[in-house]
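Dropping my_file.txt in here (compact mmCIF, C-alpha atoms):
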```
# COMPACT_ATOMS: atom_id res chain seq x y z
CA MET U 27 138.58 164.81 82.92
CA SER U 28 138.76 168.11 81.03
CA GLY U 29 137.80 169.60 77.71
CA PHE U 30 134.49 171.07 78.87
CA ASP U 31 133.50 174.70 79.19
CA GLY U 32 131.00 173.95 81.93
CA ILE U 33 129.49 171.28 84.15
CA VAL U 34 125.86 170.87 85.21
CA ILE U 35 125.28 168.84 88.37
CA GLY U 36 121.86 167.20 88.37
CA GLY U 37 119.89 165.64 85.55
CA GLY U 38 116.42 166.80 86.52
CA PRO U 39 114.30 169.35 84.60
CA ALA U 40 116.35 172.40 85.66
CA GLY U 41 119.68 170.68 85.07
CA MET U 42 118.78 169.34 81.64
CA PHE U 43 117.43 172.73 80.61
CA ALA U 44 120.55 174.53 81.87
CA ALA U 45 122.76 172.14 79.88
CA ILE U 46 120.67 172.65 76.74
CA ALA U 47 120.69 176.44 77.12
CA ALA U 48 124.46 176.55 77.52
CA ALA U 49 125.13 174.13 74.65
CA GLU U 50 122.77 176.11 72.43
CA LYS U 51 125.16 179.04 72.82
CA GLY U 52 128.14 176.92 71.80
CA ASP U 53 129.61 175.75 75.09
CA ARG U 54 130.87 172.20 75.54
CA VAL U 55 128.80 170.89 78.45
CA LEU U 56 129.16 167.91 80.78
CA LEU U 57 125.97 166.86 82.58
CA LEU U 58 126.53 164.75 85.70
CA GLU U 59 123.65 162.76 87.22
CA ARG U 60 123.96 160.38 90.14
CA ASN U 61 121.16 158.11 88.85
CA GLU U 62 121.71 155.86 85.88
CA ARG U 63 118.88 157.64 84.08
CA LEU U 64 117.96 161.30 83.73
CA GLY U 65 114.69 162.81 84.90
CA ARG U 66 113.49 160.18 87.38
CA LYS U 67 111.44 162.72 89.33
CA LEU U 68 110.14 164.27 86.13
CA LEU U 69 108.59 160.93 85.20
CA ILE U 70 106.34 160.91 88.27
CA THR U 71 105.18 164.52 88.11
CA GLY U 72 101.52 165.17 87.40
CA LYS U 73 100.73 161.55 88.35
CA GLY U 74 102.91 160.38 85.48
CA ARG U 75 101.44 162.85 82.97
CA CYS U 76 103.86 165.76 83.62
CA ASN U 77 102.21 169.13 84.12
CA VAL U 78 104.79 170.92 81.93
CA THR U 79 103.77 174.49 82.72
CA ASN U 80 100.75 176.74 83.13
CA ASP U 81 99.34 178.59 80.10
CA CYS U 82 99.50 182.06 81.64
CA SER U 83 101.69 185.16 81.70
CA ALA U 84 104.96 185.48 83.58
CA GLN U 85 103.24 187.80 86.05
CA GLU U 86 100.53 185.23 86.73
CA VAL U 87 103.17 182.62 87.42
CA LEU U 88 104.77 184.90 90.00
CA GLN U 89 101.37 185.43 91.64
CA ASN U 90 101.36 181.69 92.26
CA VAL U 91 104.77 181.69 93.94
CA PRO U 92 104.12 182.42 97.64
CA ARG U 93 107.81 182.12 98.56
CA ASN U 94 110.33 184.58 97.02
CA GLY U 95 108.35 185.20 93.86
CA ARG U 96 109.92 188.63 93.37
CA PHE U 97 113.36 187.02 93.05
CA LEU U 98 112.14 185.15 89.95
CA TYR U 99 110.90 188.24 88.08
CA SER U 100 113.84 188.57 85.67
CA ALA U 101 114.21 184.85 84.93
CA MET U 102 110.47 184.37 84.45
CA THR U 103 110.15 187.43 82.23
CA ALA U 104 113.02 186.20 80.06
CA PHE U 105 111.59 182.69 79.79
CA PRO U 106 107.80 182.73 80.42
CA PRO U 107 105.35 179.85 79.85
CA GLU U 108 104.85 180.77 76.19
CA LYS U 109 108.55 180.08 75.53
CA THR U 110 108.35 176.81 77.43
CA LYS U 111 105.43 175.72 75.26
CA ALA U 112 107.24 176.79 72.09
CA PHE U 113 110.38 174.89 73.09
CA PHE U 114 108.58 171.56 73.40
CA GLU U 115 106.15 171.99 70.51
CA GLN U 116 108.90 173.02 68.09
CA ARG U 117 110.73 169.82 68.97
CA GLY U 118 107.79 167.53 68.31
CA CYS U 119 106.35 167.24 71.81
CA GLY U 120 102.73 168.28 71.31
CA LEU U 121 101.01 169.96 74.24
CA LYS U 122 97.43 170.51 75.38
CA THR U 123 95.85 172.83 77.94
CA GLU U 124 93.37 171.53 80.50
CA ARG U 125 91.33 172.90 83.39
CA GLY U 126 93.18 175.53 85.40
CA ASN U 127 95.37 176.31 82.36
CA ARG U 128 97.50 173.26 83.19
CA VAL U 129 99.62 172.20 80.22
CA PHE U 130 100.30 168.49 79.55
CA PRO U 131 101.82 166.52 76.67
CA VAL U 132 99.12 165.31 74.26
CA THR U 133 100.28 161.76 74.93
CA ASP U 134 99.43 162.12 78.64
CA LYS U 135 102.83 160.58 79.33
CA SER U 136 105.68 162.32 81.12
CA ARG U 137 108.08 160.16 79.15
CA SER U 138 107.25 162.25 76.05
CA VAL U 139 108.65 165.33 77.82
CA LEU U 140 111.74 163.47 79.02
CA GLU U 141 112.42 162.04 75.55
CA CYS U 142 112.16 165.52 74.05
CA LEU U 143 114.76 166.83 76.51
CA THR U 144 117.16 163.90 76.12
CA GLU U 145 116.97 164.12 72.34
CA GLU U 146 117.82 167.84 72.53
CA LEU U 147 120.76 167.04 74.82
CA ARG U 148 121.99 164.57 72.22
CA ARG U 149 121.43 167.02 69.37
CA ARG U 150 123.38 169.71 71.22
CA HIS U 151 126.23 167.24 71.90
CA VAL U 152 125.93 167.48 75.69
CA THR U 153 128.02 164.75 77.33
CA VAL U 154 125.98 162.89 79.96
CA LYS U 155 127.73 160.78 82.60
CA THR U 156 126.60 158.94 85.71
CA ALA U 157 128.54 160.27 88.68
CA ARG U 158 127.93 161.53 92.19
CA VAL U 159 129.63 164.85 92.85
CA LYS U 160 131.26 165.21 96.26
CA HIS U 161 132.64 168.76 96.09
CA ILE U 162 132.75 171.79 93.83
CA LEU U 163 136.35 172.86 93.22
CA THR U 164 137.33 176.52 93.45
CA LYS U 165 140.44 178.67 93.28
CA ASP U 166 140.78 182.35 94.16
CA GLY U 167 137.03 182.71 94.57
CA HIS U 168 135.91 181.17 91.29
CA VAL U 169 134.88 177.71 90.12
CA THR U 170 137.44 175.38 88.56
CA GLY U 171 135.47 172.12 88.36
CA VAL U 172 134.06 169.33 90.50
CA GLU U 173 135.29 166.32 92.41
CA THR U 174 133.39 163.06 91.91
CA GLN U 175 133.83 159.64 93.47
CA GLU U 176 135.78 158.67 90.37
CA GLY U 177 138.04 161.71 90.17
CA SER U 178 138.04 165.39 89.27
CA CYS U 179 136.44 167.12 86.28
CA PHE U 180 137.65 170.58 85.33
CA ALA U 181 135.61 173.37 83.70
CA GLY U 182 135.12 177.11 83.75
CA TRP U 183 131.66 177.15 85.27
CA VAL U 184 129.27 174.92 87.25
CA VAL U 185 125.47 174.89 87.51
CA LEU U 186 124.18 173.27 90.69
CA ALA U 187 120.73 171.79 89.97
CA THR U 188 120.46 168.87 92.36
CA GLY U 189 116.88 169.49 93.48
CA GLY U 190 115.56 169.37 97.03
CA VAL U 191 114.86 166.55 99.50
CA SER U 192 111.37 165.49 98.47
CA TYR U 193 110.94 162.05 96.89
CA PRO U 194 114.45 160.90 97.94
CA ALA U 195 114.00 157.62 96.05
CA THR U 196 114.40 159.64 92.82
CA GLY U 197 117.81 160.92 93.92
CA SER U 198 116.75 164.14 95.66
CA THR U 199 118.83 163.63 98.79
CA GLY U 200 119.98 167.18 99.52
CA ASP U 201 123.57 166.74 98.25
CA GLY U 202 123.49 170.15 96.64
CA TYR U 203 122.76 171.93 99.91
CA ALA U 204 125.95 170.53 101.44
CA MET U 205 128.00 171.59 98.42
CA ALA U 206 126.54 175.11 98.47
CA ALA U 207 127.04 175.44 102.24
CA GLU U 208 130.64 174.27 101.88
CA LEU U 209 131.22 177.27 99.60
CA GLY U 210 129.74 179.70 102.10
CA HIS U 211 126.09 179.81 101.04
CA THR U 212 123.27 180.07 103.58
CA ILE U 213 120.77 177.22 103.42
CA VAL U 214 117.26 178.16 104.55
CA PRO U 215 115.97 175.15 106.57
CA THR U 216 114.06 172.75 104.33
CA GLU U 217 110.64 171.21 104.79
CA GLY U 218 107.98 169.66 102.63
CA SER U 219 105.79 171.91 100.52
CA LEU U 220 102.83 170.85 98.41
CA VAL U 221 102.40 168.08 100.95
CA PRO U 222 99.32 166.32 102.39
CA LEU U 223 98.16 167.28 105.88
CA GLU U 224 97.58 165.11 108.93
CA ILE U 225 94.25 165.65 110.72
CA ALA U 226 93.24 164.85 114.29
CA GLY U 227 90.55 162.30 115.06
CA SER U 228 88.96 159.42 113.19
CA ASP U 229 86.72 161.33 110.77
CA CYS U 230 89.20 161.37 107.88
CA PRO U 231 90.11 157.68 108.14
CA ASP U 232 86.38 156.90 108.26
CA MET U 233 85.97 158.76 104.93
CA GLN U 234 89.20 157.38 103.41
CA GLY U 235 89.07 157.41 99.62
CA LEU U 236 86.29 160.00 99.40
CA SER U 237 87.13 162.71 96.86
CA LEU U 238 85.25 166.01 96.94
CA ARG U 239 85.09 168.30 93.94
CA ASN U 240 84.16 171.97 93.73
CA VAL U 241 84.49 172.68 97.44
CA GLY U 242 85.77 175.80 99.12
CA VAL U 243 88.81 175.44 101.38
CA ARG U 244 90.15 177.91 103.93
CA LEU U 245 93.28 177.56 106.06
CA LEU U 246 92.95 179.38 109.39
CA ASN U 247 95.58 179.99 112.06
CA ALA U 248 95.02 179.59 115.81
CA LYS U 249 93.49 183.08 115.98
CA GLY U 250 91.07 182.40 113.15
CA LYS U 251 92.89 184.51 110.56
CA VAL U 252 92.58 183.22 106.99
CA LEU U 253 96.05 182.24 105.77
CA TYR U 254 94.92 180.83 102.44
CA LYS U 255 91.72 180.04 100.57
CA ASP U 256 91.05 177.99 97.47
CA PHE U 257 88.37 176.20 95.47
CA GLY U 258 88.63 172.77 93.91
CA GLU U 259 89.34 169.18 94.85
CA LEU U 260 90.08 167.51 98.18
CA LEU U 261 90.72 163.87 99.11
CA PHE U 262 90.25 162.17 102.50
CA THR U 263 92.97 159.66 103.42
CA HIS U 264 93.87 157.33 106.29
CA PHE U 265 96.01 160.09 107.86
CA GLY U 266 94.07 163.22 106.93
CA VAL U 267 93.58 165.11 103.68
CA SER U 268 95.28 165.55 100.33
CA GLY U 269 94.37 166.85 96.87
CA PRO U 270 95.23 170.06 94.96
CA THR U 271 93.59 172.51 97.39
CA VAL U 272 95.27 170.90 100.39
CA LEU U 273 98.70 170.76 98.75
CA SER U 274 98.59 174.47 97.94
CA ALA U 275 97.31 175.27 101.44
CA SER U 276 100.30 173.44 102.94
CA CYS U 277 102.60 176.17 101.55
CA HIS U 278 101.01 178.59 104.05
CA LEU U 279 100.87 176.38 107.14
CA LYS U 280 102.54 178.24 110.00
CA GLY U 281 102.65 177.39 113.69
CA GLU U 282 100.35 175.20 115.73
CA GLY U 283 96.58 175.32 116.13
CA CYS U 284 95.80 175.71 112.43
CA ARG U 285 92.68 174.21 110.95
CA LEU U 286 91.21 173.58 107.55
CA VAL U 287 87.60 174.62 107.01
CA ILE U 288 85.65 173.15 104.09
CA ASP U 289 82.63 174.76 102.46
CA LEU U 290 80.84 171.70 101.13
CA LYS U 291 78.25 173.78 99.29
CA PRO U 292 80.05 176.93 98.05
CA ALA U 293 77.43 177.62 95.35
CA LEU U 294 74.69 178.06 97.97
CA GLU U 295 74.54 180.78 100.58
CA GLU U 296 73.13 179.71 103.94
CA GLY U 297 69.52 180.74 103.26
CA LYS U 298 69.31 178.81 99.99
CA LEU U 299 71.06 175.82 101.51
CA ASP U 300 68.53 175.79 104.35
CA GLY U 301 65.72 175.79 101.77
CA ARG U 302 67.38 172.92 99.93
CA ILE U 303 67.64 170.88 103.13
CA LEU U 304 63.99 171.62 103.97
CA ARG U 305 62.90 170.26 100.60
CA ASP U 306 64.94 167.10 101.05
CA LEU U 307 63.59 166.53 104.54
CA ASP U 308 60.04 167.01 103.29
CA MET U 309 60.62 164.68 100.31
CA TYR U 310 62.11 161.98 102.53
CA GLN U 311 60.17 162.75 105.70
CA ASN U 312 59.48 159.10 106.46
CA ARG U 313 63.08 157.99 105.94
CA THR U 314 65.83 157.90 108.54
CA MET U 315 68.21 160.83 108.66
CA GLU U 316 70.95 158.57 107.33
CA ASN U 317 68.91 157.99 104.17
CA ALA U 318 67.35 161.45 103.92
CA LEU U 319 70.69 163.16 103.19
CA THR U 320 71.82 160.98 100.27
CA ASP U 321 70.97 163.67 97.70
CA LEU U 322 72.89 166.26 99.70
CA LEU U 323 76.09 164.48 100.72
CA PRO U 324 78.32 161.57 99.68
CA ARG U 325 77.15 158.43 101.48
CA SER U 326 80.43 157.91 103.38
CA MET U 327 80.25 161.45 104.76
CA ILE U 328 76.71 161.27 106.14
CA PRO U 329 77.58 159.28 109.32
CA ILE U 330 80.39 161.73 110.09
CA VAL U 331 78.14 164.78 109.72
CA LEU U 332 75.40 163.23 111.86
CA ARG U 333 77.94 162.19 114.51
CA ARG U 334 79.32 165.70 114.75
CA LEU U 335 75.82 167.11 115.14
CA GLU U 336 74.84 164.39 117.65
CA ILE U 337 71.92 163.36 115.47
CA ASP U 338 70.75 159.74 115.64
CA PRO U 339 71.20 158.26 112.13
CA GLY U 340 68.06 156.19 112.67
CA MET U 341 65.87 159.17 113.59
CA GLN U 342 63.08 159.98 111.12
CA ALA U 343 63.72 163.01 108.95
CA ASN U 344 60.49 164.73 109.96
CA SER U 345 61.67 164.74 113.59
CA LEU U 346 64.67 167.02 112.97
CA THR U 347 64.35 170.24 114.96
CA LYS U 348 64.84 173.70 113.49
CA GLN U 349 67.88 174.19 115.75
CA LYS U 350 69.52 170.98 114.51
CA ARG U 351 68.72 171.92 110.91
CA ARG U 352 70.42 175.26 111.49
CA SER U 353 73.47 173.46 112.89
CA LEU U 354 73.50 171.24 109.81
CA VAL U 355 73.58 174.28 107.52
CA GLU U 356 76.45 175.81 109.49
CA LEU U 357 78.46 172.58 109.42
CA LEU U 358 78.04 172.13 105.68
CA LYS U 359 79.25 175.68 105.10
CA ALA U 360 82.17 175.35 107.52
CA PHE U 361 83.29 171.76 108.10
CA PRO U 362 86.38 172.09 110.34
CA LEU U 363 89.41 169.79 110.43
CA GLU U 364 92.10 170.21 113.07
CA ILE U 365 95.58 170.01 111.52
CA THR U 366 98.21 168.16 113.54
CA GLY U 367 101.01 168.56 111.02
CA LYS U 368 102.39 167.90 107.55
CA ARG U 369 103.23 164.50 106.15
CA PRO U 370 106.99 163.71 106.00
CA VAL U 371 109.08 165.66 103.48
CA ALA U 372 109.69 162.40 101.60
CA GLU U 373 105.99 162.55 100.58
CA ALA U 374 106.12 166.20 99.52
CA ILE U 375 105.96 167.14 95.85
CA ILE U 376 108.56 169.87 96.31
CA THR U 377 110.92 171.24 98.94
CA SER U 378 110.49 174.57 100.67
CA GLY U 379 113.78 176.17 101.70
CA GLY U 380 117.19 175.91 100.10
CA VAL U 381 119.90 178.31 98.97
CA LYS U 382 119.09 181.82 100.18
CA VAL U 383 117.93 183.97 97.25
CA SER U 384 119.72 187.12 98.44
CA GLU U 385 122.99 185.30 97.73
CA ILE U 386 122.08 184.68 94.07
CA ASP U 387 121.98 187.17 91.17
CA PRO U 388 118.30 187.06 90.08
CA LYS U 389 119.11 187.86 86.44
CA THR U 390 121.83 185.27 85.87
CA MET U 391 121.36 182.79 88.76
CA GLU U 392 125.08 183.22 89.48
CA SER U 393 126.32 182.97 93.05
CA LYS U 394 127.24 186.27 94.69
CA LYS U 395 129.81 184.40 96.77
CA VAL U 396 131.61 182.23 94.22
CA GLU U 397 132.22 183.42 90.67
CA LYS U 398 130.92 181.16 87.87
CA LEU U 399 128.81 179.03 90.23
CA TYR U 400 125.15 179.04 89.19
CA PHE U 401 121.95 177.64 90.68
CA ALA U 402 118.79 176.31 89.01
CA GLY U 403 115.55 174.71 90.09
CA GLU U 404 114.39 173.39 93.44
CA ILE U 405 117.72 173.90 95.22
CA ILE U 406 116.84 177.62 95.31
CA ASP U 407 114.55 178.80 98.13
CA CYS U 408 111.47 179.29 95.93
CA ASP U 409 108.33 177.19 95.67
CA ALA U 410 104.92 177.58 94.09
CA TYR U 411 101.41 176.14 94.07
CA THR U 412 100.35 173.14 92.01
CA GLY U 413 99.44 173.73 88.38
CA GLY U 414 102.73 173.53 86.50
CA PHE U 415 104.25 176.54 88.24
CA ASN U 416 107.14 174.67 89.88
CA LEU U 417 108.26 173.12 86.62
CA GLN U 418 108.03 176.55 85.01
CA ILE U 419 110.44 177.79 87.71
CA ALA U 420 112.77 174.93 86.76
CA TRP U 421 112.69 175.84 83.05
CA ALA U 422 113.13 179.58 83.68
CA THR U 423 115.96 179.31 86.22
CA GLY U 424 117.64 176.54 84.20
CA TYR U 425 117.57 178.69 81.09
CA ALA U 426 118.87 181.74 83.00
CA ALA U 427 121.72 179.78 84.59
CA GLY U 428 122.82 177.89 81.48
CA SER U 429 122.63 180.78 79.05
CA SER U 430 124.27 183.22 81.47
CA ALA U 431 127.11 180.81 82.16
CA ALA U 432 127.74 180.34 78.43
CA VAL U 433 127.63 184.07 77.70
CA LYS U 434 130.18 184.77 80.44
CA SER U 435 132.27 181.86 79.18
CA SER U 436 132.24 183.35 75.68
CA ILE U 437 133.40 186.73 76.99
CA ASP U 438 136.27 185.04 78.83
CA LYS U 439 137.30 183.13 75.72
CA THR U 440 137.33 186.33 73.67
CA ALA U 441 139.39 188.11 76.34
CA ASN U 442 141.96 185.29 76.25
CA LEU U 443 142.19 185.52 72.45
CA TYR U 444 143.08 189.16 72.49
```
Would you mind writing the structure in this file as structure tokens?
Amino acid sequence: MSGFDGIVIGGGPAGMFAAIAAAEKGDRVLLLERNERLGRKLLITGKGRCNVTNDCSAQEVLQNVPRNGRFLYSAMTAFPPEKTKAFFEQRGCGLKTERGNRVFPVTDKSRSVLECLTEELRRRHVTVKTARVKHILTKDGHVTGVETQEGSCFAGWVVLATGGVSYPATGSTGDGYAMAAELGHTIVPTEGSLVPLEIAGSDCPDMQGLSLRNVGVRLLNAKGKVLYKDFGELLFTHFGVSGPTVLSASCHLKGEGCRLVIDLKPALEEGKLDGRILRDLDMYQNRTMENALTDLLPRSMIPIVLRRLEIDPGMQANSLTKQKRRSLVELLKAFPLEITGKRPVAEAIITSGGVKVSEIDPKTMESKKVEKLYFAGEIIDCDAYTGGFNLQIAWATGYAAGSSAAVKSSIDKTANLY
């Protein structure tokens, strides 16, 4: 198959955006996706609502990229969140901004975002075909096309946007890493990022389903050094903890012996919290401890707190000693959870690791090893916190790769003419 200026491998957010960007500049583009439908992973992002981007500056996006954020400076500056918002809104996909500057479609449906992209692909005459690419073809150090299970496709440039290895059911199986490695690229070992954490003991399973809001979270290493801190939501599960604060903390998990410490009452310093507990104990002095703390803590958490403090749940509130009350204050301000590991990468929202950024031109996303090979999206060794930042990386790198490939293609065409 021939007749195309370029080929994009991968029909996720970065791949679709790269194809659109290149076609917008006049190139004839072939988009190859192994699934029968485009954007399968996009449909499940943001719990099916699609957190399109974050309504902030390019610099603020980079501050939320703990891994290789500097590499993204040029791409993010060229295509910041404001351009992402304009792209969708100008094409009829209305957006709204919610808490944390998270941007969603007004429909609250990720399908609205996908339909906007697929309509733009159609409008730009991008050819979309279902095919699994086996190899990227090269000659004399530059791209010549791709080899699929059904035969070869020839083109002047290729964008590799196959994603990572998280959510493999959506088609993210790591094929792109093998293709990049085959061409001499270094692949930084991959692991799950933005992933729930497994916790030792039975406390979390005993509180399964309990969601905490407005709590402080700190991730500490074995020596007690703070690796990350956050404020927001946390969810107890049968294996440990999840929720936005936990997912972001997972990006910083290093080595063994780490623990998560929760401040259950971040709005109250210890003295005021002690006064609050004293008032509750006085108000409910004739109740059991299990019933005296219902105004202070979620009901399912009370037995866990009392068990940790070795306080009899049936003991009367007016019998609590000053020492035990002090221990209660300390536990509520620093509720520790021993981390035993991350959940499997298949449960991660994104993949950490991928093609080494030093081998990619940060302005164009072109390979420094193979001419006219470009990268976009999660296949690159960059990952960010929750909040729309990872999709913004996909849009920015997709735009950089697609537009750069088309510009170079145009220069080559002109050179051939004259």
Set out as a tab-separated table a contact list for stretch 228-301 of chain U and stretch 76-90 of chain U with a cut-off of 12 Å, giving each residue of stretch 228-301 of chain U that qualifies its closest atom pair and distance in Å to one decimal, counting only C-alpha atoms, ordered by chain and rising residue number.
```
residue	atom	partner	partner_atom	distance
U:Ser274	CA	U:Asn90	CA	9.6
U:Ala275	CA	U:Asn90	CA	11.9
U:Cys277	CA	U:Asn90	CA	10.9
```
What separates atom CA of U:His278 and atom CA of U:Tyr254 is a distance of 6.7 Å
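Comparing U:Asp306, U:Glu50, U:Glu404, U:Glu145 by their smallest distance to U:Thr188, the closest is U:Glu404 (using all atoms listed in the file).
Minimum distance to U:Ala422 across U:Lys109, U:Lys348, U:Lys73, U:His168 (counting all atoms listed in the file) occurs at U:Lys109.
Each of U:Leu147, U:Val243, U:Leu238, U:Leu98 was checked against U:Ile46 using only C-alpha atoms; the smallest atom-to-atom distance is that of U:Leu147.
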Would you mind telling me which residue in U:Ser326, U:Thr71, U:Asn344, U:Asn240 lies nearest to U:Gln311 when using only C-alpha atoms?
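Nearest candidate to U:Gln311 out of U:Ser326, U:Thr71, U:Asn344, U:Asn240: U:Asn344.
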